[in-house]
Amino acid sequence: MEFFTLRVFRYDPTKDTEPYHQDYKLPVEKGMTVLAALFKAKEELDPTISFRYNCRAAICGSCAMRINGHATLACKEQITHLLEKYETDTITVDPIGNVKPLKDLIYDMDWLVDKLKKVKPWFIPKAPPPPDGKEYRQSPEDHAKIDYASDCILCASCMSDCNALKANEDFLGPMVHSKAYRFAADTRDGAKKERLDAVLEDLNLEWCVRCWECTTRCPKEVQPYENIIRLRIMADQEGYKTPGAIHAEIFEEDIKERGLLNEMLLPLKQEGLFGMIKRAPFGIRMFFKGKVNIADFFGGHKIKRLEEVQTIYEKAKEKEKEVTIKIPQILGVVYEDKRKSKLLKEQRENAQKEGGNQ
Amino acid sequence: MELRYAFYTGCSAKGVAPELYDSTFLVAEKLGMELIELEAATCCGAGAVQEKDEFLAHTINARNLALAEELGLDLLTICNTCTVMLRDTKFKLDNDPELKAAVNEVLAEAGLEYKGTSEVTHFLWEVIDGVGLDKLKEMVVRPLKDFNIASFYGCHIIRPPYLIGYEDPDNPKSLEMLIEALGGKPVDHEARLACCGFHSFWSAEDKVTLKLTAMDTEAAKEENADFMVTPCPLCHTQLDAMQPEAEEKIGTSIDMPVLHLPQMIGLAIGLKPKELGLHKHVIPTTEIIKRVA
Ligand code: SF4
Ligand code: SF4
Ligand code: FES
């Protein structure tokens, strides 16, 4: 029989000064999930392992943990797939990242709840209920805007691997910003402004670094980063003059005037004279390294066929008002490139063949 | 296989990273790749335009893609963010006929049309799949065997899978395979798949960006890397040109050189450090230059 090692994060603050990993040897069983493996280890080898779970069917969001470094639901991931994916015989399970572990895989949820409260994750009706006594209604088109965002099961997988949150624990995080979007974009909700104020406090919404970890980790297709994009668009439309909005304006201006971004004049346009002075050491450094093209200070290089861009620009700005861009369906979608990774594919196939021969 | 591409430079290679532009052409020529520069292409919007005027962003990127289609070639980028932004447009247009029609209605004003016939690919992938690692190995004249090399993928060449999908975002290998083909030693480190922080610079320089930059470069240093290598000029600007600010932030010196992908390949296939622009980095590459001499 084939075996694998389940390496589990262990920590009991009443006994341990430091967390450590403990290994459990288990047989590889077809269809066995990581959660099932944890149960097997707990039942047969060590009753002290602690972890959270409930539905065992990727619905409740209780069992998120980091598996070989990446957050996901333990009840969704199968051991055989993971062994193949990481080309290993060891599955390492840690609590999700960016949180405080309480005991083994169980972490402190208060912190997440406190963050959520800041955006009031509940419906605040715009108007009294319809007089016919029925529910608040909205059109399918309006619902489509929040359809994916409504599917969040609060598992916090996205919070675990978020880069902005890793850098700063005060970032509200993808789960919370998504939740804010879900209500702010709901046509029946009346607290849009209040919600935008909450997410933009200290520019929080703009701390996101567009790393796309949240969307990559989410087991439910919530697409937190897409929601953040839409929340930022909404803030711009509501007239919030954030650095992000100014940045976007500079980009648009440069695209229209020269085609490419003028990085040399960016600090001046972004932060004014003060910015230029603040960035002077950087600019001088870049100049002496031969990275600066002096012509850029005087407008600089323009692309060919710029007139096309100018025509398109005006027309697109007009047309924009009538177009709604749909949030795409992405669950399980892997981009199909016709040149797709021949070499890596071959390797994978070979590995599988070898695996099969054993 | 014919290795001809519509070459999309992006803004950085034409701006703060001239050494990337130069080294890409030099290396491509040696590897037998023909790059036809799209001199009429615009900025990809870099996520900034997408977060203000999304339709406009898709329209200008549809035009960028249409320029490659005019040449009947696939579009090749040297920037992760360009790759993901162009692919985002392509994905949304190819999966939404209404959006595609709306975009084409605008493009028609300038006599253009987006068809969806050109693929978006990155220099890294074409070196591996187009040129091939076996051929590359044969061309190595100065194996990088003395070097511990820390790969830094940068977010947008692995995530999100619905736009990238070249390899498993949880366990990518392309850079390590390439480093090995060039005779170097890939070193594993904490920040291999992390974010450089670039995209929140103007809103959260101190709160987020520089902290990430410091964590990334320190992680490579902790594993005794001689240098980091990245396929993205935005990561490069952040990790190299902004490293002094990151050092200031954490109050220690890091001093980790960061190479652009084509520069690393160039060194191994016998191009000179000077022509690859290694002297144009903020963190000195003198030690590397000495050791390859
Ligand atoms: S895209 Fe933004 S919110 Fe999502 S994980 Fe990255 S930094 Fe966090
Ligand atoms: S957005 Fe997705 S990953 Fe984040 S908490 Fe909700 S379901 Fe989990
Ligand atoms: S146990 Fe409910 S989601 Fe895994």
# chains A, B, ... in the order shown; residues from 1 in each chain; ligands from 1
call {"tool": "interface_residues", "arguments": {"of": "chain A", "to": "chain B", "cutoff": "6 Å", "atoms": "only C-alpha atoms", "output": "VMD selection string"}}
result
chain A and resid 164 167 206 to 207 209 211 to 212 216 229 233 243 248 259 to 261 289 to 291 303 to 305 308 316 320 333 to 335 341
call {"tool": "closest_atom_pairs", "arguments": {"of": "chain A", "to": "ligand 2", "cutoff": "8 Å", "atoms": "only C-alpha atoms and all ligand atoms", "output": "JSON lines"}}
result
{"residue": "A:Gly61", "atom": "CA", "partner": "ligand 2", "partner_atom_place_in_ligand_line": "8 (Fe)", "distance": 6.7}
{"residue": "A:Thr72", "atom": "CA", "partner": "ligand 2", "partner_atom_place_in_ligand_line": "3 (S)", "distance": 7.8}
{"residue": "A:Ala149", "atom": "CA", "partner": "ligand 2", "partner_atom_place_in_ligand_line": "1 (S)", "distance": 7.4}
{"residue": "A:Asp151", "atom": "CA", "partner": "ligand 2", "partner_atom_place_in_ligand_line": "7 (S)", "distance": 6.7}
{"residue": "A:Cys152", "atom": "CA", "partner": "ligand 2", "partner_atom_place_in_ligand_line": "6 (Fe)", "distance": 3.7}
{"residue": "A:Ile153", "atom": "CA", "partner": "ligand 2", "partner_atom_place_in_ligand_line": "7 (S)", "distance": 4.4}
{"residue": "A:Leu154", "atom": "CA", "partner": "ligand 2", "partner_atom_place_in_ligand_line": "5 (S)", "distance": 3.7}
{"residue": "A:Cys155", "atom": "CA", "partner": "ligand 2", "partner_atom_place_in_ligand_line": "8 (Fe)", "distance": 3.9}
{"residue": "A:Ala156", "atom": "CA", "partner": "ligand 2", "partner_atom_place_in_ligand_line": "5 (S)", "distance": 3.8}
{"residue": "A:Ser157", "atom": "CA", "partner": "ligand 2", "partner_atom_place_in_ligand_line": "3 (S)", "distance": 4.2}
{"residue": "A:Cys158", "atom": "CA", "partner": "ligand 2", "partner_atom_place_in_ligand_line": "3 (S)", "distance": 4.1}
{"residue": "A:Met159", "atom": "CA", "partner": "ligand 2", "partner_atom_place_in_ligand_line": "4 (Fe)", "distance": 6.4}
{"residue": "A:Pro174", "atom": "CA", "partner": "ligand 2", "partner_atom_place_in_ligand_line": "4 (Fe)", "distance": 6.5}
{"residue": "A:Met175", "atom": "CA", "partner": "ligand 2", "partner_atom_place_in_ligand_line": "4 (Fe)", "distance": 4.6}
{"residue": "A:Ser178", "atom": "CA", "partner": "ligand 2", "partner_atom_place_in_ligand_line": "1 (S)", "distance": 6.7}
{"residue": "A:Cys214", "atom": "CA", "partner": "ligand 2", "partner_atom_place_in_ligand_line": "3 (S)", "distance": 6.3}
{"residue": "A:Thr215", "atom": "CA", "partner": "ligand 2", "partner_atom_place_in_ligand_line": "2 (Fe)", "distance": 7.3}
{"residue": "A:Arg217", "atom": "CA", "partner": "ligand 2", "partner_atom_place_in_ligand_line": "3 (S)", "distance": 5.9}
{"residue": "A:Cys218", "atom": "CA", "partner": "ligand 2", "partner_atom_place_in_ligand_line": "3 (S)", "distance": 3.5}
{"residue": "A:Pro219", "atom": "CA", "partner": "ligand 2", "partner_atom_place_in_ligand_line": "2 (Fe)", "distance": 5.7}
{"residue": "A:Lys220", "atom": "CA", "partner": "ligand 2", "partner_atom_place_in_ligand_line": "7 (S)", "distance": 5.1}
{"residue": "A:Glu221", "atom": "CA", "partner": "ligand 2", "partner_atom_place_in_ligand_line": "2 (Fe)", "distance": 6.6}
{"residue": "A:Val222", "atom": "CA", "partner": "ligand 2", "partner_atom_place_in_ligand_line": "1 (S)", "distance": 5.1}
{"residue": "A:Gln223", "atom": "CA", "partner": "ligand 2", "partner_atom_place_in_ligand_line": "1 (S)", "distance": 6.6}
{"residue": "A:Pro224", "atom": "CA", "partner": "ligand 2", "partner_atom_place_in_ligand_line": "1 (S)", "distance": 5.6}
call {"tool": "write_last_selection", "arguments": {"atoms": "N, CA and C atoms", "output": "short mmCIF file (atom, residue, chain, number, x, y, z; two decimals), in the first residue's frame"}}
result
data_model
loop_
_atom_site.label_atom_id
_atom_site.label_comp_id
_atom_site.auth_asym_id
_atom_site.auth_seq_id
_atom_site.Cartn_x
_atom_site.Cartn_y
_atom_site.Cartn_z
N GLY A 61 -17.62 26.90 4.85
CA GLY A 61 -16.45 27.76 4.94
C GLY A 61 -15.64 27.60 6.21
N THR A 72 -7.04 27.03 1.03
CA THR A 72 -8.14 26.39 0.33
C THR A 72 -8.99 25.65 1.36
N ALA A 149 -20.62 38.04 -5.99
CA ALA A 149 -20.21 38.57 -4.68
C ALA A 149 -21.09 38.03 -3.55
N ASP A 151 -22.10 35.07 -3.22
CA ASP A 151 -21.82 33.66 -2.95
C ASP A 151 -20.75 33.43 -1.89
N CYS A 152 -20.23 34.49 -1.32
CA CYS A 152 -19.13 34.35 -0.35
C CYS A 152 -19.59 33.55 0.87
N ILE A 153 -18.75 32.56 1.26
CA ILE A 153 -19.08 31.75 2.44
C ILE A 153 -18.19 32.12 3.64
N LEU A 154 -17.52 33.27 3.52
CA LEU A 154 -16.69 33.79 4.62
C LEU A 154 -15.65 32.78 5.11
N CYS A 155 -15.05 32.08 4.17
CA CYS A 155 -14.06 31.07 4.57
C CYS A 155 -12.70 31.70 4.87
N ALA A 156 -12.51 32.92 4.35
CA ALA A 156 -11.26 33.68 4.58
C ALA A 156 -10.03 33.11 3.86
N SER A 157 -10.24 32.24 2.89
CA SER A 157 -9.09 31.78 2.11
C SER A 157 -8.40 32.96 1.43
N CYS A 158 -9.22 33.88 0.94
CA CYS A 158 -8.67 35.05 0.25
C CYS A 158 -7.88 35.93 1.22
N MET A 159 -8.36 36.05 2.44
CA MET A 159 -7.68 36.86 3.44
C MET A 159 -6.31 36.25 3.77
N PRO A 174 -9.73 41.31 1.07
CA PRO A 174 -10.62 41.01 -0.05
C PRO A 174 -12.02 40.56 0.36
N MET A 175 -12.12 39.77 1.42
CA MET A 175 -13.43 39.29 1.86
C MET A 175 -14.31 40.46 2.28
N SER A 178 -15.13 42.84 -0.67
CA SER A 178 -16.14 42.17 -1.51
C SER A 178 -17.52 42.29 -0.89
N CYS A 214 -6.54 36.67 -4.15
CA CYS A 214 -7.89 36.43 -3.63
C CYS A 214 -8.75 35.66 -4.63
N THR A 215 -8.76 36.14 -5.86
CA THR A 215 -9.56 35.49 -6.90
C THR A 215 -9.04 34.08 -7.17
N ARG A 217 -7.53 32.10 -5.02
CA ARG A 217 -7.80 31.20 -3.89
C ARG A 217 -9.27 30.89 -3.69
N CYS A 218 -10.15 31.82 -4.04
CA CYS A 218 -11.55 31.69 -3.66
C CYS A 218 -12.19 30.41 -4.19
N PRO A 219 -12.74 29.57 -3.31
CA PRO A 219 -13.35 28.32 -3.77
C PRO A 219 -14.74 28.55 -4.36
N LYS A 220 -15.25 29.78 -4.28
CA LYS A 220 -16.64 30.04 -4.64
C LYS A 220 -16.83 31.03 -5.79
N GLU A 221 -15.84 31.36 -6.50
CA GLU A 221 -15.99 32.24 -7.67
C GLU A 221 -16.45 33.66 -7.31
N VAL A 222 -16.20 34.06 -6.08
CA VAL A 222 -16.63 35.40 -5.65
C VAL A 222 -15.85 36.49 -6.40
N GLN A 223 -14.62 36.18 -6.78
CA GLN A 223 -13.77 37.10 -7.53
C GLN A 223 -13.56 38.42 -6.79
N PRO A 224 -13.00 38.35 -5.59
CA PRO A 224 -12.84 39.57 -4.81
C PRO A 224 -12.15 40.71 -5.58
#
call {"tool": "closest_residue", "arguments": {"among": "A:Leu6, A:Asp46, A:Leu38, A:Ala57", "to": "ligand 3", "atoms": "only C-alpha atoms and all ligand atoms"}}
result
A:Ala57
call {"tool": "residues_near_ligand", "arguments": {"ligand": "ligand 3", "cutoff": "6 Å", "atoms": "only C-alpha atoms and all ligand atoms", "output": "ChimeraX atom specification"}}
result
/A:53-63,73-75
call {"tool": "write_last_selection", "arguments": {"atoms": "N, CA and C atoms", "output": "PDB file, in the first residue's frame"}}
result
ATOM      1  N   TYR A  53     -14.504  22.347  11.285  1.00  0.00           N
ATOM      2  CA  TYR A  53     -15.199  21.825  10.108  1.00  0.00           C
ATOM      3  C   TYR A  53     -16.682  21.846  10.429  1.00  0.00           C
ATOM      4  N   ASN A  54     -17.482  21.650   9.398  1.00  0.00           N
ATOM      5  CA  ASN A  54     -18.899  21.475   9.636  1.00  0.00           C
ATOM      6  C   ASN A  54     -19.522  20.686   8.489  1.00  0.00           C
ATOM      7  N   CYS A  55     -19.723  21.315   7.347  1.00  0.00           N
ATOM      8  CA  CYS A  55     -20.528  20.686   6.292  1.00  0.00           C
ATOM      9  C   CYS A  55     -19.831  19.542   5.551  1.00  0.00           C
ATOM     10  N   ARG A  56     -18.526  19.574   5.489  1.00  0.00           N
ATOM     11  CA  ARG A  56     -17.697  18.626   4.720  1.00  0.00           C
ATOM     12  C   ARG A  56     -18.030  18.648   3.233  1.00  0.00           C
ATOM     13  N   ALA A  57     -18.653  19.707   2.767  1.00  0.00           N
ATOM     14  CA  ALA A  57     -19.071  19.756   1.356  1.00  0.00           C
ATOM     15  C   ALA A  57     -18.835  21.127   0.727  1.00  0.00           C
ATOM     16  N   ALA A  58     -17.829  21.841   1.191  1.00  0.00           N
ATOM     17  CA  ALA A  58     -17.456  23.138   0.615  1.00  0.00           C
ATOM     18  C   ALA A  58     -18.605  24.146   0.622  1.00  0.00           C
ATOM     19  N   ILE A  59     -19.377  24.124   1.697  1.00  0.00           N
ATOM     20  CA  ILE A  59     -20.508  25.053   1.782  1.00  0.00           C
ATOM     21  C   ILE A  59     -20.369  26.013   2.971  1.00  0.00           C
ATOM     22  N   CYS A  60     -19.895  25.495   4.103  1.00  0.00           N
ATOM     23  CA  CYS A  60     -19.941  26.311   5.319  1.00  0.00           C
ATOM     24  C   CYS A  60     -18.745  27.237   5.481  1.00  0.00           C
ATOM     25  N   GLY A  61     -17.624  26.897   4.852  1.00  0.00           N
ATOM     26  CA  GLY A  61     -16.449  27.763   4.935  1.00  0.00           C
ATOM     27  C   GLY A  61     -15.642  27.602   6.211  1.00  0.00           C
ATOM     28  N   SER A  62     -15.909  26.569   6.992  1.00  0.00           N
ATOM     29  CA  SER A  62     -15.211  26.427   8.279  1.00  0.00           C
ATOM     30  C   SER A  62     -13.801  25.869   8.161  1.00  0.00           C
ATOM     31  N   CYS A  63     -13.549  25.082   7.124  1.00  0.00           N
ATOM     32  CA  CYS A  63     -12.336  24.264   7.121  1.00  0.00           C
ATOM     33  C   CYS A  63     -11.185  24.836   6.302  1.00  0.00           C
ATOM     34  N   LEU A  73     -10.092  25.048   0.893  1.00  0.00           N
ATOM     35  CA  LEU A  73     -10.942  24.299   1.819  1.00  0.00           C
ATOM     36  C   LEU A  73     -10.433  22.862   1.925  1.00  0.00           C
ATOM     37  N   ALA A  74     -10.224  22.411   3.151  1.00  0.00           N
ATOM     38  CA  ALA A  74      -9.686  21.064   3.347  1.00  0.00           C
ATOM     39  C   ALA A  74     -10.659  19.990   2.880  1.00  0.00           C
ATOM     40  N   CYS A  75     -11.954  20.310   2.877  1.00  0.00           N
ATOM     41  CA  CYS A  75     -12.938  19.293   2.488  1.00  0.00           C
ATOM     42  C   CYS A  75     -13.101  19.222   0.975  1.00  0.00           C
TER      43      CYS A  75
END
call {"tool": "select_by_dssp", "arguments": {"residues": "range 64-281 of chain A", "states": "strand (DSSP E or B)", "output": "ChimeraX atom specification"}}
result
/A:64-67,70-73,78,90-94,101-103,106-107,125,189
call {"tool": "residues_around", "arguments": {"residues": "Tyr107 in chain A", "least_positions_apart": "3", "cutoff": "10 Å", "atoms": "only C-alpha atoms", "output": "PyMOL selection string"}}
result
chain A and resi 51-52+65+95-104+110-111
call {"tool": "residues_around", "arguments": {"residues": "Arg279 in chain A", "least_positions_apart": "2", "cutoff": "12 Å", "atoms": "only C-alpha atoms", "output": "ChimeraX atom specification"}}
result
/A:264-268,270-277,281-286 /B:202,242,245
call {"tool": "decode", "arguments": {"residues": "range 132-146 of chain B", "atoms": "all heavy atoms", "output": "compact mmCIF listing (two decimals), in the first residue's frame"}}
result
# COMPACT_ATOMS: atom_id res chain seq x y z
N GLY B 132 13.00 26.61 -26.97
CA GLY B 132 13.21 25.28 -26.37
C GLY B 132 14.43 25.27 -25.47
O GLY B 132 15.47 25.85 -25.80
N LEU B 133 14.31 24.58 -24.34
CA LEU B 133 15.41 24.59 -23.38
C LEU B 133 16.61 23.77 -23.87
O LEU B 133 17.75 24.08 -23.53
CB LEU B 133 14.93 24.09 -22.02
CG LEU B 133 13.95 25.04 -21.31
CD1 LEU B 133 13.52 24.48 -19.96
CD2 LEU B 133 14.55 26.44 -21.13
N ASP B 134 16.36 22.76 -24.70
CA ASP B 134 17.48 21.98 -25.21
C ASP B 134 18.37 22.83 -26.09
O ASP B 134 19.59 22.82 -25.99
CB ASP B 134 16.97 20.76 -25.99
CG ASP B 134 16.34 19.74 -25.04
OD1 ASP B 134 16.75 19.73 -23.86
OD2 ASP B 134 15.43 19.00 -25.47
N LYS B 135 17.71 23.59 -26.96
CA LYS B 135 18.47 24.47 -27.85
C LYS B 135 19.19 25.53 -27.04
O LYS B 135 20.36 25.86 -27.29
CB LYS B 135 17.51 25.11 -28.86
CG LYS B 135 18.17 26.14 -29.73
CD LYS B 135 17.60 26.22 -31.13
CE LYS B 135 18.34 27.30 -31.92
NZ LYS B 135 17.54 28.49 -32.17
N LEU B 136 18.51 26.05 -26.04
CA LEU B 136 19.11 27.08 -25.20
C LEU B 136 20.37 26.54 -24.52
O LEU B 136 21.41 27.19 -24.50
CB LEU B 136 18.09 27.56 -24.15
CG LEU B 136 18.50 28.76 -23.32
CD1 LEU B 136 18.62 30.01 -24.17
CD2 LEU B 136 17.51 29.01 -22.19
N LYS B 137 20.26 25.32 -23.98
CA LYS B 137 21.41 24.70 -23.31
C LYS B 137 22.62 24.65 -24.23
O LYS B 137 23.74 24.90 -23.82
CB LYS B 137 21.06 23.28 -22.89
CG LYS B 137 20.44 23.20 -21.51
CD LYS B 137 20.18 21.74 -21.12
CE LYS B 137 18.97 21.68 -20.21
NZ LYS B 137 18.29 20.39 -20.22
N GLU B 138 22.36 24.31 -25.50
CA GLU B 138 23.46 24.23 -26.46
C GLU B 138 24.14 25.58 -26.66
O GLU B 138 25.30 25.65 -27.05
CB GLU B 138 22.95 23.74 -27.82
CG GLU B 138 22.62 22.27 -27.85
CD GLU B 138 21.80 21.91 -29.08
OE1 GLU B 138 21.86 22.69 -30.07
OE2 GLU B 138 21.10 20.88 -29.03
N MET B 139 23.38 26.65 -26.45
CA MET B 139 23.93 27.98 -26.73
C MET B 139 24.67 28.58 -25.54
O MET B 139 25.27 29.63 -25.65
CB MET B 139 22.80 28.92 -27.15
CG MET B 139 22.17 28.47 -28.45
SD MET B 139 20.86 29.58 -28.94
CE MET B 139 21.82 31.02 -29.31
N VAL B 140 24.59 27.91 -24.40
CA VAL B 140 25.23 28.46 -23.20
C VAL B 140 26.75 28.36 -23.33
O VAL B 140 27.30 27.29 -23.54
CB VAL B 140 24.75 27.71 -21.94
CG1 VAL B 140 25.56 28.14 -20.71
CG2 VAL B 140 23.27 27.96 -21.71
N VAL B 141 27.42 29.51 -23.26
CA VAL B 141 28.88 29.50 -23.32
C VAL B 141 29.49 29.86 -21.96
O VAL B 141 30.66 29.65 -21.72
CB VAL B 141 29.41 30.49 -24.39
CG1 VAL B 141 29.00 30.05 -25.78
CG2 VAL B 141 28.92 31.91 -24.13
N ARG B 142 28.66 30.45 -21.10
CA ARG B 142 29.17 30.86 -19.81
C ARG B 142 28.15 30.44 -18.76
O ARG B 142 27.35 31.22 -18.27
CB ARG B 142 29.30 32.38 -19.83
CG ARG B 142 30.27 32.94 -18.85
CD ARG B 142 30.65 34.35 -19.19
NE ARG B 142 29.51 35.18 -19.52
CZ ARG B 142 29.57 36.36 -20.14
NH1 ARG B 142 30.72 36.85 -20.50
NH2 ARG B 142 28.49 37.04 -20.40
N PRO B 143 28.17 29.14 -18.41
CA PRO B 143 27.14 28.64 -17.49
C PRO B 143 27.13 29.45 -16.20
O PRO B 143 28.18 29.86 -15.72
CB PRO B 143 27.58 27.20 -17.22
CG PRO B 143 28.61 26.87 -18.22
CD PRO B 143 29.19 28.14 -18.75
N LEU B 144 25.96 29.65 -15.66
CA LEU B 144 25.84 30.48 -14.45
C LEU B 144 26.05 29.64 -13.20
O LEU B 144 25.37 29.81 -12.19
CB LEU B 144 24.47 31.16 -14.43
CG LEU B 144 24.13 32.01 -15.65
CD1 LEU B 144 22.70 32.54 -15.59
CD2 LEU B 144 25.11 33.18 -15.80
N LYS B 145 27.01 28.70 -13.28
CA LYS B 145 27.13 27.70 -12.22
C LYS B 145 27.57 28.24 -10.87
O LYS B 145 27.37 27.61 -9.85
CB LYS B 145 28.02 26.54 -12.66
CG LYS B 145 29.44 26.91 -12.99
CD LYS B 145 30.19 25.63 -13.39
CE LYS B 145 31.66 25.83 -13.67
NZ LYS B 145 32.11 27.06 -14.24
N ASP B 146 28.17 29.44 -10.88
CA ASP B 146 28.59 30.01 -9.60
C ASP B 146 27.48 30.76 -8.90
O ASP B 146 27.69 31.32 -7.83
CB ASP B 146 29.74 31.00 -9.82
CG ASP B 146 30.92 30.34 -10.46
OD1 ASP B 146 31.06 29.12 -10.27
OD2 ASP B 146 31.69 31.03 -11.16
